[in-house]
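Quick notes on the structure that follows.
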2 protein chains.
Amino acid sequence: MLSDVMEDYLKSIYALQQEDGGPVATSAIAEYLEVTSPTVTSMVEKLEDRGLVEREKYKGVELTQEGETVALEVLRHHRLLESYLTEHLDYSWSEVHEEADTLEHHISEEFERRVAEVLDDPTVDPHGDPIPSADLTPPEDDTTTPLSDHDAGDLLVVSRVSDRDEEELRYLADAGIAPGTRLEVADVAPFGMVTVRFADDGERDQSLPENVARSIRVRPADDDSDPDSDSESDGGDGEGNSEEIEA
Amino acid sequence: MLSDVMEDYLKSIYALQQEDGGPVATSAIAEYLEVTSPTVTSMVEKLEDRGLVEREKYKGVELTQEGETVALEVLRHHRLLESYLTEHLDYSWSEVHEEADTLEHHISEEFERRVAEVLDDPTVDPHGDPIPSADLTPPEDDTTTPLSDHDAGDLLVVSRVSDRDEEELRYLADAGIAPGTRLEVADVAPFGMVTVRFADDGERDQSLPENVARSIRVRPADDDSDPDSDSESDGGDGEGNSEEIEA
DNA sequence: TATAAGTTTTAGACGCGGCTAAATCCGGTA
DNA sequence: TACCGGATTTAGCCGCGTCTAAAACTTATA
Ligand SMILES: [Mn+2]
Ligand SMILES: [Mn+2]
Ligand SMILES: [Mn+2]
Ligand SMILES: [Mn+2]
């Protein structure tokens, strides 16, 4: 059995690996989990003993196949829980992460199955993040790009937002930005400030600080041109459960 | 903050105090939690330091006001969860206890509130156990009696069944015995074997071993004589969510 | 009332997951 | 190529929750 702490390390390493590709530095994990470097060193040694990570001293750490599977399992729990809390217990977008972050370690496989069933096997969570499938096969690579990488004139659909900052999520809900929202980049100002125009509401512009623009991930709007199903515009109460993501 | 282990100790002490009245012995807690006596001793010392129990060395331990409140809080979580899992996630009677026993320590107050709300503030869990109110005032004393204490001819309503033995719960579900079931004691045989007749089905008798009869708690059937609302007789699939309990 | 049996506590250990301080390594710069 | 600064690991500590073995206490019995 793995402790919830070990699960958190594996989840973190997975997330950091997704971000940057290669091996993950001790200090990166330490920062992510808010612990000290020696703590990380001793933990990754333990994970290495259990065959969950591969490690080269002074270099960095990578998940093994088995370690990745555990990470995906925990991620599946997390994202199913977020979806469930949003849809069945009236949680808002910004509240779910913290609750799911604890519960993900404590639900049974039975619970996971039943939640997936009543949600009808969702593939995306409320923040647009893909939910690993029940068989825990690695999802294909993320093809979305940060909003901050785009230029004036680009037509985009919001694909994912970071779920780790509650403050920021409230801000986005307020601004009416959620997975599925169609935007045009109106302007990119110094210091990375991005101004976007809402495709569904030509009236309205919204300026976003660089750090926010960096955490919003988008894909091009051009391809699947039909404005599709439930275009529940916005409304004060940032709900808005997303559409498909696949490119 | 209290650890989940501390919460379990407080919950155990509460349960044992309910059973027997007075101070609770180290060995009783040890047996209940399946740990050794020295482990219990060191834990209750810690709980004493935190003002959650009172203790007299070599004598026993009792909950303080504060300790009782914590126990009731955990019990509320447990029983709300059992109710929720039964009603909204299609768990059966016999499956809920284990899941709730873990989750009770890991849900937030917000989660508790929302679950209570969608369940419309239930007062009894699927096993007939009273759910402590949100303000955590101590519930009045249990006036039910074990089925095993009764004699042939007694007319009874099942009030509570023990939730800790999954095996036994499956057995009872199978037999069609649940909170709310009306029974007449047909016979008490040697070794405490009790045979009951179903009030709603004069045809059918059921013999129950002493240990099972002891864990079924009942109250007299005579007083509120109207056969009342949803008398969903039985059916193979032990669901049957109970009625009121108050005497 | 002395003693034996059973319970409880004390003593000492261990793995976990954290920390700080000190030693070591690595990569870049002079 | 020698050195320096930063990252990493080593060393050693702590509190938690558990254990076993041994000592101390309580209670029942002779
Ligand atoms: Mn799972
Ligand atoms: Mn999410
Ligand atoms: Mn609570
Ligand atoms: Mn119960």
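Quick note on naming: the chains in the structure tokens go A, B, ... in the order shown, residues restart at 1 in each chain, and ligands are numbered from 1 in order of appearance.
Contacts from chain D to chain A at a cut-off of 10 Å (only C-alpha atoms (C1' of nucleotides)) map to DA7, DT8, DT9 and DT10 of chain D.
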Report the closest atom pair, with its distance in Å rounded to one decimal, for each residue of chain B that has an atom no farther than 9 Å from ligand 4; count only C-alpha atoms and all ligand atoms, sort by chain and then rising residue number, and write it as a tab-separated table.
residue	atom	partner	partner_atom_place_in_ligand_line	distance
B:Leu75	CA	ligand 4	1 (Mn)	9.0
B:His78	CA	ligand 4	1 (Mn)	7.2
B:Arg79	CA	ligand 4	1 (Mn)	5.4
B:Leu80	CA	ligand 4	1 (Mn)	8.7
B:Leu81	CA	ligand 4	1 (Mn)	8.9
B:Glu82	CA	ligand 4	1 (Mn)	6.2
B:Ser83	CA	ligand 4	1 (Mn)	8.0
B:Trp93	CA	ligand 4	1 (Mn)	8.6
B:Val96	CA	ligand 4	1 (Mn)	7.8
B:His97	CA	ligand 4	1 (Mn)	6.3
B:Ala100	CA	ligand 4	1 (Mn)	8.7
B:Val124	CA	ligand 4	1 (Mn)	8.6
B:Asp125	CA	ligand 4	1 (Mn)	5.5
B:Pro126	CA	ligand 4	1 (Mn)	5.9
B:His127	CA	ligand 4	1 (Mn)	4.8
B:Gly128	CA	ligand 4	1 (Mn)	7.0
B:Asp129	CA	ligand 4	1 (Mn)	5.8
B:Pro130	CA	ligand 4	1 (Mn)	8.5
B:Ile131	CA	ligand 4	1 (Mn)	8.9
B:Arg160	CA	ligand 4	1 (Mn)	8.9
B:Val161	CA	ligand 4	1 (Mn)	8.2
B:Ser162	CA	ligand 4	1 (Mn)	7.3
B:Asp163	CA	ligand 4	1 (Mn)	5.0
B:Arg164	CA	ligand 4	1 (Mn)	7.9
Kindly determine which residues of chain A lie within 9 Å of chain C, considering only C-alpha atoms (C1' of nucleotides), and give the answer as a list in words.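 So the residues of chain A near chain C are Val5, Val35, Thr36, Pro38, Thr39, Met43 and Tyr58 of chain A.
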Output the selection as a PDB file, in the first residue's frame - N, CA, C and O atoms for each residue.
ATOM      1  N   VAL A   5       0.880  10.479   1.127  1.00  0.00           N
ATOM      2  CA  VAL A   5       2.022  11.344   0.843  1.00  0.00           C
ATOM      3  C   VAL A   5       2.780  10.849  -0.388  1.00  0.00           C
ATOM      4  O   VAL A   5       3.133  11.633  -1.281  1.00  0.00           O
ATOM      5  N   VAL A  35       7.817  21.445   0.699  1.00  0.00           N
ATOM      6  CA  VAL A  35       8.653  20.771   1.695  1.00  0.00           C
ATOM      7  C   VAL A  35      10.098  21.126   1.366  1.00  0.00           C
ATOM      8  O   VAL A  35      10.372  21.782   0.359  1.00  0.00           O
ATOM      9  N   THR A  36      11.042  20.694   2.212  1.00  0.00           N
ATOM     10  CA  THR A  36      12.451  21.020   1.960  1.00  0.00           C
ATOM     11  C   THR A  36      13.092  19.966   1.048  1.00  0.00           C
ATOM     12  O   THR A  36      12.586  18.850   0.916  1.00  0.00           O
ATOM     13  N   PRO A  38      15.897  18.130   1.424  1.00  0.00           N
ATOM     14  CA  PRO A  38      16.261  16.841   2.031  1.00  0.00           C
ATOM     15  C   PRO A  38      15.058  15.913   2.182  1.00  0.00           C
ATOM     16  O   PRO A  38      15.176  14.698   2.008  1.00  0.00           O
ATOM     17  N   THR A  39      13.916  16.504   2.495  1.00  0.00           N
ATOM     18  CA  THR A  39      12.704  15.694   2.601  1.00  0.00           C
ATOM     19  C   THR A  39      12.413  15.004   1.277  1.00  0.00           C
ATOM     20  O   THR A  39      12.104  13.809   1.229  1.00  0.00           O
ATOM     21  N   MET A  43      12.396  10.937   0.335  1.00  0.00           N
ATOM     22  CA  MET A  43      11.167  10.338  -0.194  1.00  0.00           C
ATOM     23  C   MET A  43      11.403   9.684  -1.549  1.00  0.00           C
ATOM     24  O   MET A  43      10.927   8.567  -1.783  1.00  0.00           O
ATOM     25  N   TYR A  58      21.973  13.457  -7.999  1.00  0.00           N
ATOM     26  CA  TYR A  58      22.335  14.823  -8.377  1.00  0.00           C
ATOM     27  C   TYR A  58      21.736  15.242  -9.727  1.00  0.00           C
ATOM     28  O   TYR A  58      21.910  16.371 -10.149  1.00  0.00           O
TER      29      TYR A  58
END
Test item, alpha helix (DSSP H) assignment across region 5-247 of chain A, answer as a PyMOL selection string: chain A and resi 5-20+26-33+37-49+65-88+96-103+109-118+166-175+210-215
Within 6 Å of ligand 3, which residues show up when you count only C-alpha atoms (C1' of nucleotides) and all ligand atoms? List them as a short mmCIF file (atom, residue, chain, number, x, y, z; two decimals) with N, CA and C atoms, in the first residue's frame, please.
data_model
loop_
_atom_site.label_atom_id
_atom_site.label_comp_id
_atom_site.auth_asym_id
_atom_site.auth_seq_id
_atom_site.Cartn_x
_atom_site.Cartn_y
_atom_site.Cartn_z
N GLU B 73 -19.17 14.63 16.16
CA GLU B 73 -18.87 15.18 14.85
C GLU B 73 -18.47 14.06 13.87
N HIS B 77 -20.47 12.63 10.54
CA HIS B 77 -19.88 12.41 9.22
C HIS B 77 -20.15 10.98 8.75
N GLU B 109 -16.13 20.49 6.36
CA GLU B 109 -17.41 20.93 6.91
C GLU B 109 -18.37 21.32 5.80
N GLU B 112 -19.87 18.18 4.46
CA GLU B 112 -20.89 17.73 5.40
C GLU B 112 -22.19 18.50 5.20
#
Would you tabulate, counting only C-alpha atoms, all residues of chain B that have an atom at most 9 Å from an atom of chain A, showing the closest pair of atoms and their distance in Å to one decimal, sorted by chain then ascending number, as JSON lines?
{"residue": "B:Leu85", "atom": "CA", "partner": "A:Phe111", "partner_atom": "CA", "distance": 8.9}
{"residue": "B:His88", "atom": "CA", "partner": "A:Val118", "partner_atom": "CA", "distance": 9.0}
{"residue": "B:Leu89", "atom": "CA", "partner": "A:Arg114", "partner_atom": "CA", "distance": 6.2}
{"residue": "B:Asp90", "atom": "CA", "partner": "A:Arg114", "partner_atom": "CA", "distance": 7.7}
{"residue": "B:Tyr91", "atom": "CA", "partner": "A:Arg114", "partner_atom": "CA", "distance": 8.6}
{"residue": "B:Glu99", "atom": "CA", "partner": "A:Ser108", "partner_atom": "CA", "distance": 7.0}
{"residue": "B:Thr102", "atom": "CA", "partner": "A:His106", "partner_atom": "CA", "distance": 6.6}
{"residue": "B:Leu103", "atom": "CA", "partner": "A:His106", "partner_atom": "CA", "distance": 6.4}
{"residue": "B:His106", "atom": "CA", "partner": "A:Leu103", "partner_atom": "CA", "distance": 6.4}
{"residue": "B:Ile107", "atom": "CA", "partner": "A:Leu103", "partner_atom": "CA", "distance": 7.2}
{"residue": "B:Ser108", "atom": "CA", "partner": "A:Glu99", "partner_atom": "CA", "distance": 7.0}
{"residue": "B:Phe111", "atom": "CA", "partner": "A:Glu99", "partner_atom": "CA", "distance": 8.1}
{"residue": "B:Arg114", "atom": "CA", "partner": "A:Leu89", "partner_atom": "CA", "distance": 6.2}
{"residue": "B:Val115", "atom": "CA", "partner": "A:Leu89", "partner_atom": "CA", "distance": 7.1}
{"residue": "B:Val118", "atom": "CA", "partner": "A:Leu89", "partner_atom": "CA", "distance": 7.6}
For the residues in the current selection, export N, CA and C atoms as a PDB file, in the first residue's frame.
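And here is the file that came out, again_23.pdb:
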ATOM      1  N   LEU B  85     -24.243   7.529   0.535  1.00  0.00           N
ATOM      2  CA  LEU B  85     -23.787   6.447  -0.346  1.00  0.00           C
ATOM      3  C   LEU B  85     -24.946   5.524  -0.702  1.00  0.00           C
ATOM      4  N   HIS B  88     -27.591   7.894  -2.941  1.00  0.00           N
ATOM      5  CA  HIS B  88     -27.177   8.552  -4.189  1.00  0.00           C
ATOM      6  C   HIS B  88     -26.107   7.817  -4.975  1.00  0.00           C
ATOM      7  N   LEU B  89     -25.456   6.859  -4.365  1.00  0.00           N
ATOM      8  CA  LEU B  89     -24.431   6.147  -5.137  1.00  0.00           C
ATOM      9  C   LEU B  89     -24.697   4.651  -5.183  1.00  0.00           C
ATOM     10  N   ASP B  90     -25.918   4.274  -4.846  1.00  0.00           N
ATOM     11  CA  ASP B  90     -26.359   2.913  -5.091  1.00  0.00           C
ATOM     12  C   ASP B  90     -25.578   1.867  -4.298  1.00  0.00           C
ATOM     13  N   TYR B  91     -25.034   2.282  -3.170  1.00  0.00           N
ATOM     14  CA  TYR B  91     -24.399   1.306  -2.294  1.00  0.00           C
ATOM     15  C   TYR B  91     -25.488   0.529  -1.564  1.00  0.00           C
ATOM     16  N   GLU B  99     -16.517   2.153   3.680  1.00  0.00           N
ATOM     17  CA  GLU B  99     -16.230   3.386   2.939  1.00  0.00           C
ATOM     18  C   GLU B  99     -16.387   4.610   3.845  1.00  0.00           C
ATOM     19  N   THR B 102     -13.556   5.374   6.505  1.00  0.00           N
ATOM     20  CA  THR B 102     -12.383   6.136   6.061  1.00  0.00           C
ATOM     21  C   THR B 102     -12.748   7.582   5.770  1.00  0.00           C
ATOM     22  N   LEU B 103     -13.778   7.759   4.968  1.00  0.00           N
ATOM     23  CA  LEU B 103     -14.101   9.113   4.507  1.00  0.00           C
ATOM     24  C   LEU B 103     -14.490  10.059   5.638  1.00  0.00           C
ATOM     25  N   HIS B 106     -12.064  12.679   6.397  1.00  0.00           N
ATOM     26  CA  HIS B 106     -11.433  13.447   5.328  1.00  0.00           C
ATOM     27  C   HIS B 106     -12.361  14.396   4.591  1.00  0.00           C
ATOM     28  N   ILE B 107     -13.602  14.465   4.993  1.00  0.00           N
ATOM     29  CA  ILE B 107     -14.502  15.425   4.349  1.00  0.00           C
ATOM     30  C   ILE B 107     -14.453  16.755   5.087  1.00  0.00           C
ATOM     31  N   SER B 108     -14.704  17.814   4.362  1.00  0.00           N
ATOM     32  CA  SER B 108     -14.715  19.152   4.976  1.00  0.00           C
ATOM     33  C   SER B 108     -16.083  19.434   5.585  1.00  0.00           C
ATOM     34  N   PHE B 111     -18.477  19.967   2.844  1.00  0.00           N
ATOM     35  CA  PHE B 111     -18.992  18.712   2.289  1.00  0.00           C
ATOM     36  C   PHE B 111     -20.118  18.181   3.170  1.00  0.00           C
ATOM     37  N   ARG B 114     -23.274  20.154   2.590  1.00  0.00           N
ATOM     38  CA  ARG B 114     -23.935  19.925   1.304  1.00  0.00           C
ATOM     39  C   ARG B 114     -24.586  18.553   1.253  1.00  0.00           C
ATOM     40  N   VAL B 115     -23.915  17.576   1.832  1.00  0.00           N
ATOM     41  CA  VAL B 115     -24.510  16.237   1.876  1.00  0.00           C
ATOM     42  C   VAL B 115     -25.790  16.270   2.719  1.00  0.00           C
ATOM     43  N   VAL B 118     -28.590  17.878   0.576  1.00  0.00           N
ATOM     44  CA  VAL B 118     -29.258  17.096  -0.474  1.00  0.00           C
ATOM     45  C   VAL B 118     -30.038  15.922   0.120  1.00  0.00           C
TER      46      VAL B 118
END
Pick out the residues sitting within 10 Å of region 15-21 of chain B, and hand them over as a compact mmCIF listing (two decimals) with all heavy atoms, in the first residue's frame; count only C-alpha atoms (C1' of nucleotides), and ignore anything fewer than 2 positions along from it in its own chain.
# COMPACT_ATOMS: atom_id res chain seq x y z
N TYR B 9 -10.01 6.93 18.08
CA TYR B 9 -10.02 6.62 19.51
C TYR B 9 -11.22 7.26 20.19
O TYR B 9 -11.91 6.63 20.98
CB TYR B 9 -8.71 7.11 20.16
CG TYR B 9 -7.57 6.12 20.04
CD1 TYR B 9 -6.78 6.10 18.90
CD2 TYR B 9 -7.28 5.21 21.05
CE1 TYR B 9 -5.72 5.20 18.77
CE2 TYR B 9 -6.24 4.30 20.93
CZ TYR B 9 -5.47 4.30 19.79
OH TYR B 9 -4.44 3.40 19.66
N LEU B 10 -11.48 8.52 19.88
CA LEU B 10 -12.60 9.20 20.53
C LEU B 10 -13.93 8.54 20.17
O LEU B 10 -14.79 8.34 21.01
CB LEU B 10 -12.61 10.68 20.14
CG LEU B 10 -11.39 11.48 20.64
CD1 LEU B 10 -11.37 12.87 20.04
CD2 LEU B 10 -11.38 11.55 22.16
N LYS B 11 -14.05 8.18 18.91
CA LYS B 11 -15.27 7.51 18.47
C LYS B 11 -15.45 6.18 19.20
O LYS B 11 -16.55 5.83 19.63
CB LYS B 11 -15.18 7.28 16.94
CG LYS B 11 -16.49 7.06 16.25
CD LYS B 11 -16.33 6.96 14.73
CE LYS B 11 -15.33 5.90 14.30
NZ LYS B 11 -15.69 5.26 13.00
N SER B 12 -14.35 5.45 19.35
CA SER B 12 -14.42 4.15 20.05
C SER B 12 -14.82 4.32 21.50
O SER B 12 -15.64 3.57 22.03
CB SER B 12 -13.07 3.44 20.00
OG SER B 12 -12.61 3.35 18.69
N ILE B 13 -14.18 5.28 22.15
CA ILE B 13 -14.48 5.50 23.56
C ILE B 13 -15.95 5.88 23.72
O ILE B 13 -16.64 5.39 24.60
CB ILE B 13 -13.56 6.60 24.15
CG1 ILE B 13 -12.12 6.11 24.13
CG2 ILE B 13 -13.98 6.95 25.57
CD1 ILE B 13 -11.08 7.20 24.38
N PRO B 23 -16.50 4.39 33.04
CA PRO B 23 -15.20 4.60 32.40
C PRO B 23 -14.83 3.40 31.53
O PRO B 23 -15.21 2.27 31.83
CB PRO B 23 -14.24 4.69 33.59
CG PRO B 23 -15.07 4.95 34.78
CD PRO B 23 -16.41 4.37 34.50
N VAL B 24 -14.07 3.66 30.50
CA VAL B 24 -13.74 2.62 29.54
C VAL B 24 -12.34 2.09 29.80
O VAL B 24 -11.40 2.86 29.98
CB VAL B 24 -13.84 3.18 28.11
CG1 VAL B 24 -13.43 2.15 27.09
CG2 VAL B 24 -15.25 3.70 27.83
N ALA B 25 -12.18 0.78 29.80
CA ALA B 25 -10.89 0.15 30.08
C ALA B 25 -9.97 0.20 28.87
O ALA B 25 -10.42 0.13 27.72
CB ALA B 25 -11.12 -1.30 30.50
N ALA B 28 -10.47 -2.61 26.54
CA ALA B 28 -11.67 -2.55 25.71
C ALA B 28 -11.39 -1.74 24.44
O ALA B 28 -11.77 -2.13 23.34
CB ALA B 28 -12.82 -1.91 26.50
N ILE B 29 -10.69 -0.64 24.62
CA ILE B 29 -10.33 0.19 23.46
C ILE B 29 -9.39 -0.58 22.54
O ILE B 29 -9.53 -0.59 21.32
CB ILE B 29 -9.67 1.50 23.92
CG1 ILE B 29 -10.61 2.29 24.83
CG2 ILE B 29 -9.26 2.34 22.71
CD1 ILE B 29 -9.95 3.49 25.50
N TYR B 32 -11.33 -3.10 20.59
CA TYR B 32 -12.21 -2.44 19.62
C TYR B 32 -11.43 -1.96 18.40
O TYR B 32 -11.87 -2.08 17.27
CB TYR B 32 -12.90 -1.27 20.31
CG TYR B 32 -14.11 -0.72 19.62
CD1 TYR B 32 -15.38 -1.23 19.88
CD2 TYR B 32 -14.00 0.34 18.71
CE1 TYR B 32 -16.50 -0.72 19.25
CE2 TYR B 32 -15.13 0.85 18.09
CZ TYR B 32 -16.38 0.32 18.36
OH TYR B 32 -17.48 0.83 17.73
N VAL B 61 -10.96 5.49 31.29
CA VAL B 61 -10.96 6.76 30.61
C VAL B 61 -12.39 7.16 30.26
O VAL B 61 -13.23 6.31 30.00
CB VAL B 61 -10.06 6.68 29.35
CG1 VAL B 61 -10.64 5.71 28.35
CG2 VAL B 61 -9.83 8.02 28.72
N GLU B 62 -12.68 8.46 30.31
CA GLU B 62 -13.99 8.98 29.92
C GLU B 62 -13.81 10.20 29.05
O GLU B 62 -12.87 10.96 29.22
CB GLU B 62 -14.79 9.38 31.18
CG GLU B 62 -15.58 8.23 31.79
CD GLU B 62 -16.25 8.66 33.10
OE1 GLU B 62 -15.54 9.12 34.02
OE2 GLU B 62 -17.47 8.54 33.18
N LEU B 63 -14.73 10.42 28.15
CA LEU B 63 -14.67 11.61 27.30
C LEU B 63 -15.01 12.85 28.10
O LEU B 63 -15.89 12.83 28.96
CB LEU B 63 -15.67 11.49 26.15
CG LEU B 63 -15.43 10.38 25.13
CD1 LEU B 63 -16.56 10.39 24.11
CD2 LEU B 63 -14.09 10.55 24.44
N ALA B 71 -16.36 13.29 19.02
CA ALA B 71 -16.90 11.97 18.68
C ALA B 71 -18.21 12.11 17.91
O ALA B 71 -18.44 11.41 16.91
CB ALA B 71 -17.11 11.14 19.95
N LEU B 75 -19.08 10.89 14.17
CA LEU B 75 -20.25 10.02 14.00
C LEU B 75 -21.24 10.63 13.01
O LEU B 75 -21.83 9.93 12.19
CB LEU B 75 -20.92 9.84 15.35
CG LEU B 75 -21.35 8.44 15.79
CD1 LEU B 75 -20.34 7.39 15.40
CD2 LEU B 75 -21.58 8.44 17.30
N ASP B 141 -30.73 9.33 25.39
CA ASP B 141 -30.29 7.95 25.54
C ASP B 141 -31.10 6.99 24.67
O ASP B 141 -32.29 7.17 24.45
CB ASP B 141 -30.40 7.53 27.01
CG ASP B 141 -29.31 8.18 27.84
OD1 ASP B 141 -28.30 8.61 27.25
OD2 ASP B 141 -29.48 8.28 29.07
N ASP B 142 -30.43 5.99 24.24
CA ASP B 142 -31.02 4.95 23.43
C ASP B 142 -32.01 4.14 24.28
O ASP B 142 -31.64 3.59 25.30
CB ASP B 142 -29.89 4.04 22.93
CG ASP B 142 -30.40 2.99 21.98
OD1 ASP B 142 -31.59 3.03 21.62
OD2 ASP B 142 -29.59 2.14 21.58
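CA of Arg204 (chain B) is found 10.4 Å from CA of Gly176 (chain B).
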Quick one: everything within 9 Å of Thr195 (chain A), counting only C-alpha atoms (C1' of nucleotides), minus sequence neighbours fewer than 4 positions away in the same chain. Send it as a ChimeraX atom specification. /A:152,184-189,205-209
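Across the model, the gap from CA of Glu87 (chain A) to CA of Leu2 (chain A) is 29.6 Å.
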Determine, counting only C-alpha atoms (C1' of nucleotides), which protein, DNA and RNA residues have an atom within 12 Å of an atom of Glu66 (chain B); residues of the same chain fewer than 4 positions away are not included. Present the result as a tab-separated table (two decimals) with all heavy atoms, in the first residue's frame.
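Saved file selection-v2.tsv follows:
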chain	number	residue	atom	x	y	z
B	10	LEU	N	-11.48	8.52	19.88
B	10	LEU	CA	-12.60	9.20	20.53
B	10	LEU	C	-13.93	8.54	20.17
B	10	LEU	O	-14.79	8.34	21.01
B	10	LEU	CB	-12.61	10.68	20.14
B	10	LEU	CG	-11.39	11.48	20.64
B	10	LEU	CD1	-11.37	12.87	20.04
B	10	LEU	CD2	-11.38	11.55	22.16
B	14	TYR	N	-16.43	6.70	22.79
B	14	TYR	CA	-17.84	7.07	22.82
B	14	TYR	C	-18.73	5.83	22.71
B	14	TYR	O	-19.65	5.63	23.50
B	14	TYR	CB	-18.17	8.05	21.69
B	14	TYR	CG	-19.61	8.51	21.67
B	14	TYR	CD1	-20.03	9.58	22.46
B	14	TYR	CD2	-20.56	7.86	20.88
B	14	TYR	CE1	-21.35	9.98	22.45
B	14	TYR	CE2	-21.88	8.26	20.86
B	14	TYR	CZ	-22.28	9.33	21.66
B	14	TYR	OH	-23.59	9.73	21.65
B	47	LEU	N	-4.45	12.19	24.38
B	47	LEU	CA	-5.79	12.77	24.36
B	47	LEU	C	-6.07	13.52	25.66
B	47	LEU	O	-6.76	14.55	25.66
B	47	LEU	CB	-6.83	11.67	24.15
B	47	LEU	CG	-6.80	10.97	22.78
B	47	LEU	CD1	-7.75	9.78	22.76
B	47	LEU	CD2	-7.13	11.94	21.66
B	48	GLU	N	-5.52	13.00	26.75
B	48	GLU	CA	-5.70	13.68	28.02
B	48	GLU	C	-5.00	15.05	27.99
B	48	GLU	O	-5.57	16.06	28.41
B	48	GLU	CB	-5.12	12.83	29.16
B	48	GLU	CG	-5.47	13.37	30.54
B	48	GLU	CD	-4.85	12.54	31.65
B	48	GLU	OE1	-3.80	11.90	31.42
B	48	GLU	OE2	-5.41	12.54	32.77
B	50	ARG	N	-4.61	16.88	25.60
B	50	ARG	CA	-5.40	17.82	24.79
B	50	ARG	C	-6.78	18.10	25.37
B	50	ARG	O	-7.60	18.76	24.73
B	50	ARG	CB	-5.58	17.26	23.38
B	50	ARG	CG	-4.27	17.00	22.68
B	50	ARG	CD	-4.47	17.08	21.20
B	50	ARG	NE	-3.29	16.65	20.49
B	50	ARG	CZ	-3.03	16.99	19.25
B	50	ARG	NH1	-3.86	17.78	18.59
B	50	ARG	NH2	-1.94	16.56	18.64
B	51	GLY	N	-7.04	17.56	26.53
B	51	GLY	CA	-8.31	17.85	27.18
B	51	GLY	C	-9.52	17.14	26.58
B	51	GLY	O	-10.65	17.57	26.78
B	52	LEU	N	-9.26	16.06	25.87
B	52	LEU	CA	-10.38	15.37	25.22
B	52	LEU	C	-10.92	14.20	26.03
B	52	LEU	O	-12.04	13.75	25.81
B	52	LEU	CB	-9.92	14.88	23.84
B	52	LEU	CG	-9.52	16.03	22.89
B	52	LEU	CD1	-8.72	15.50	21.72
B	52	LEU	CD2	-10.77	16.75	22.40
B	53	VAL	N	-10.08	13.70	26.95
B	53	VAL	CA	-10.55	12.64	27.84
B	53	VAL	C	-10.06	12.93	29.26
B	53	VAL	O	-9.11	13.70	29.47
B	53	VAL	CB	-10.01	11.24	27.43
B	53	VAL	CG1	-10.41	10.90	26.01
B	53	VAL	CG2	-8.50	11.16	27.60
B	54	GLU	N	-10.74	12.32	30.24
B	54	GLU	CA	-10.26	12.33	31.60
B	54	GLU	C	-9.86	10.90	31.94
B	54	GLU	O	-10.48	9.95	31.49
B	54	GLU	CB	-11.35	12.80	32.56
B	54	GLU	CG	-11.03	14.16	33.16
B	54	GLU	CD	-12.29	14.89	33.54
B	54	GLU	OE1	-13.15	14.26	34.18
B	54	GLU	OE2	-12.42	16.08	33.18
B	62	GLU	N	-12.68	8.46	30.31
B	62	GLU	CA	-13.99	8.98	29.92
B	62	GLU	C	-13.81	10.20	29.05
B	62	GLU	O	-12.87	10.96	29.22
B	62	GLU	CB	-14.79	9.38	31.18
B	62	GLU	CG	-15.58	8.23	31.79
B	62	GLU	CD	-16.25	8.66	33.10
B	62	GLU	OE1	-15.54	9.12	34.02
B	62	GLU	OE2	-17.47	8.54	33.18
B	70	VAL	N	-16.27	16.02	19.66
B	70	VAL	CA	-15.51	15.50	18.52
B	70	VAL	C	-16.07	14.15	18.07
B	70	VAL	O	-16.27	13.91	16.88
B	70	VAL	CB	-14.02	15.37	18.86
B	70	VAL	CG1	-13.28	14.67	17.73
B	70	VAL	CG2	-13.41	16.72	19.16
B	71	ALA	N	-16.36	13.29	19.02
B	71	ALA	CA	-16.90	11.97	18.68
B	71	ALA	C	-18.21	12.11	17.91
B	71	ALA	O	-18.44	11.41	16.91
B	71	ALA	CB	-17.11	11.14	19.95
B	72	LEU	N	-19.05	13.02	18.37
B	72	LEU	CA	-20.34	13.21	17.70
B	72	LEU	C	-20.16	13.77	16.29
B	72	LEU	O	-20.88	13.39	15.37
B	72	LEU	CB	-21.23	14.14	18.52
B	72	LEU	CG	-21.77	13.53	19.82
B	72	LEU	CD1	-22.45	14.60	20.68
B	72	LEU	CD2	-22.74	12.40	19.52
B	73	GLU	N	-19.17	14.63	16.16
B	73	GLU	CA	-18.87	15.18	14.85
B	73	GLU	C	-18.47	14.06	13.87
B	73	GLU	O	-18.97	13.99	12.75
B	73	GLU	CB	-17.72	16.19	15.00
B	73	GLU	CG	-17.02	16.59	13.72
B	73	GLU	CD	-17.75	17.66	12.98
B	73	GLU	OE1	-18.97	17.78	13.17
B	73	GLU	OE2	-17.11	18.38	12.20
B	136	LEU	N	-24.35	19.29	17.18
B	136	LEU	CA	-23.61	18.30	17.98
B	136	LEU	C	-24.02	18.24	19.44
B	136	LEU	O	-23.20	17.93	20.31
B	136	LEU	CB	-22.10	18.54	17.85
B	136	LEU	CG	-21.58	18.52	16.41
B	136	LEU	CD1	-20.09	18.84	16.40
B	136	LEU	CD2	-21.83	17.18	15.75
B	137	THR	N	-25.26	18.52	19.71
B	137	THR	CA	-25.75	18.28	21.08
B	137	THR	C	-25.92	16.78	21.26
B	137	THR	O	-26.34	16.08	20.35
B	137	THR	CB	-27.12	18.96	21.29
B	137	THR	OG1	-28.00	18.60	20.21
B	137	THR	CG2	-26.98	20.46	21.34
B	138	PRO	N	-25.58	16.30	22.48
B	138	PRO	CA	-25.67	14.85	22.71
B	138	PRO	C	-27.10	14.37	22.49
B	138	PRO	O	-28.03	14.98	22.98
B	138	PRO	CB	-25.27	14.71	24.17
B	138	PRO	CG	-24.49	15.94	24.48
B	138	PRO	CD	-25.06	17.02	23.63
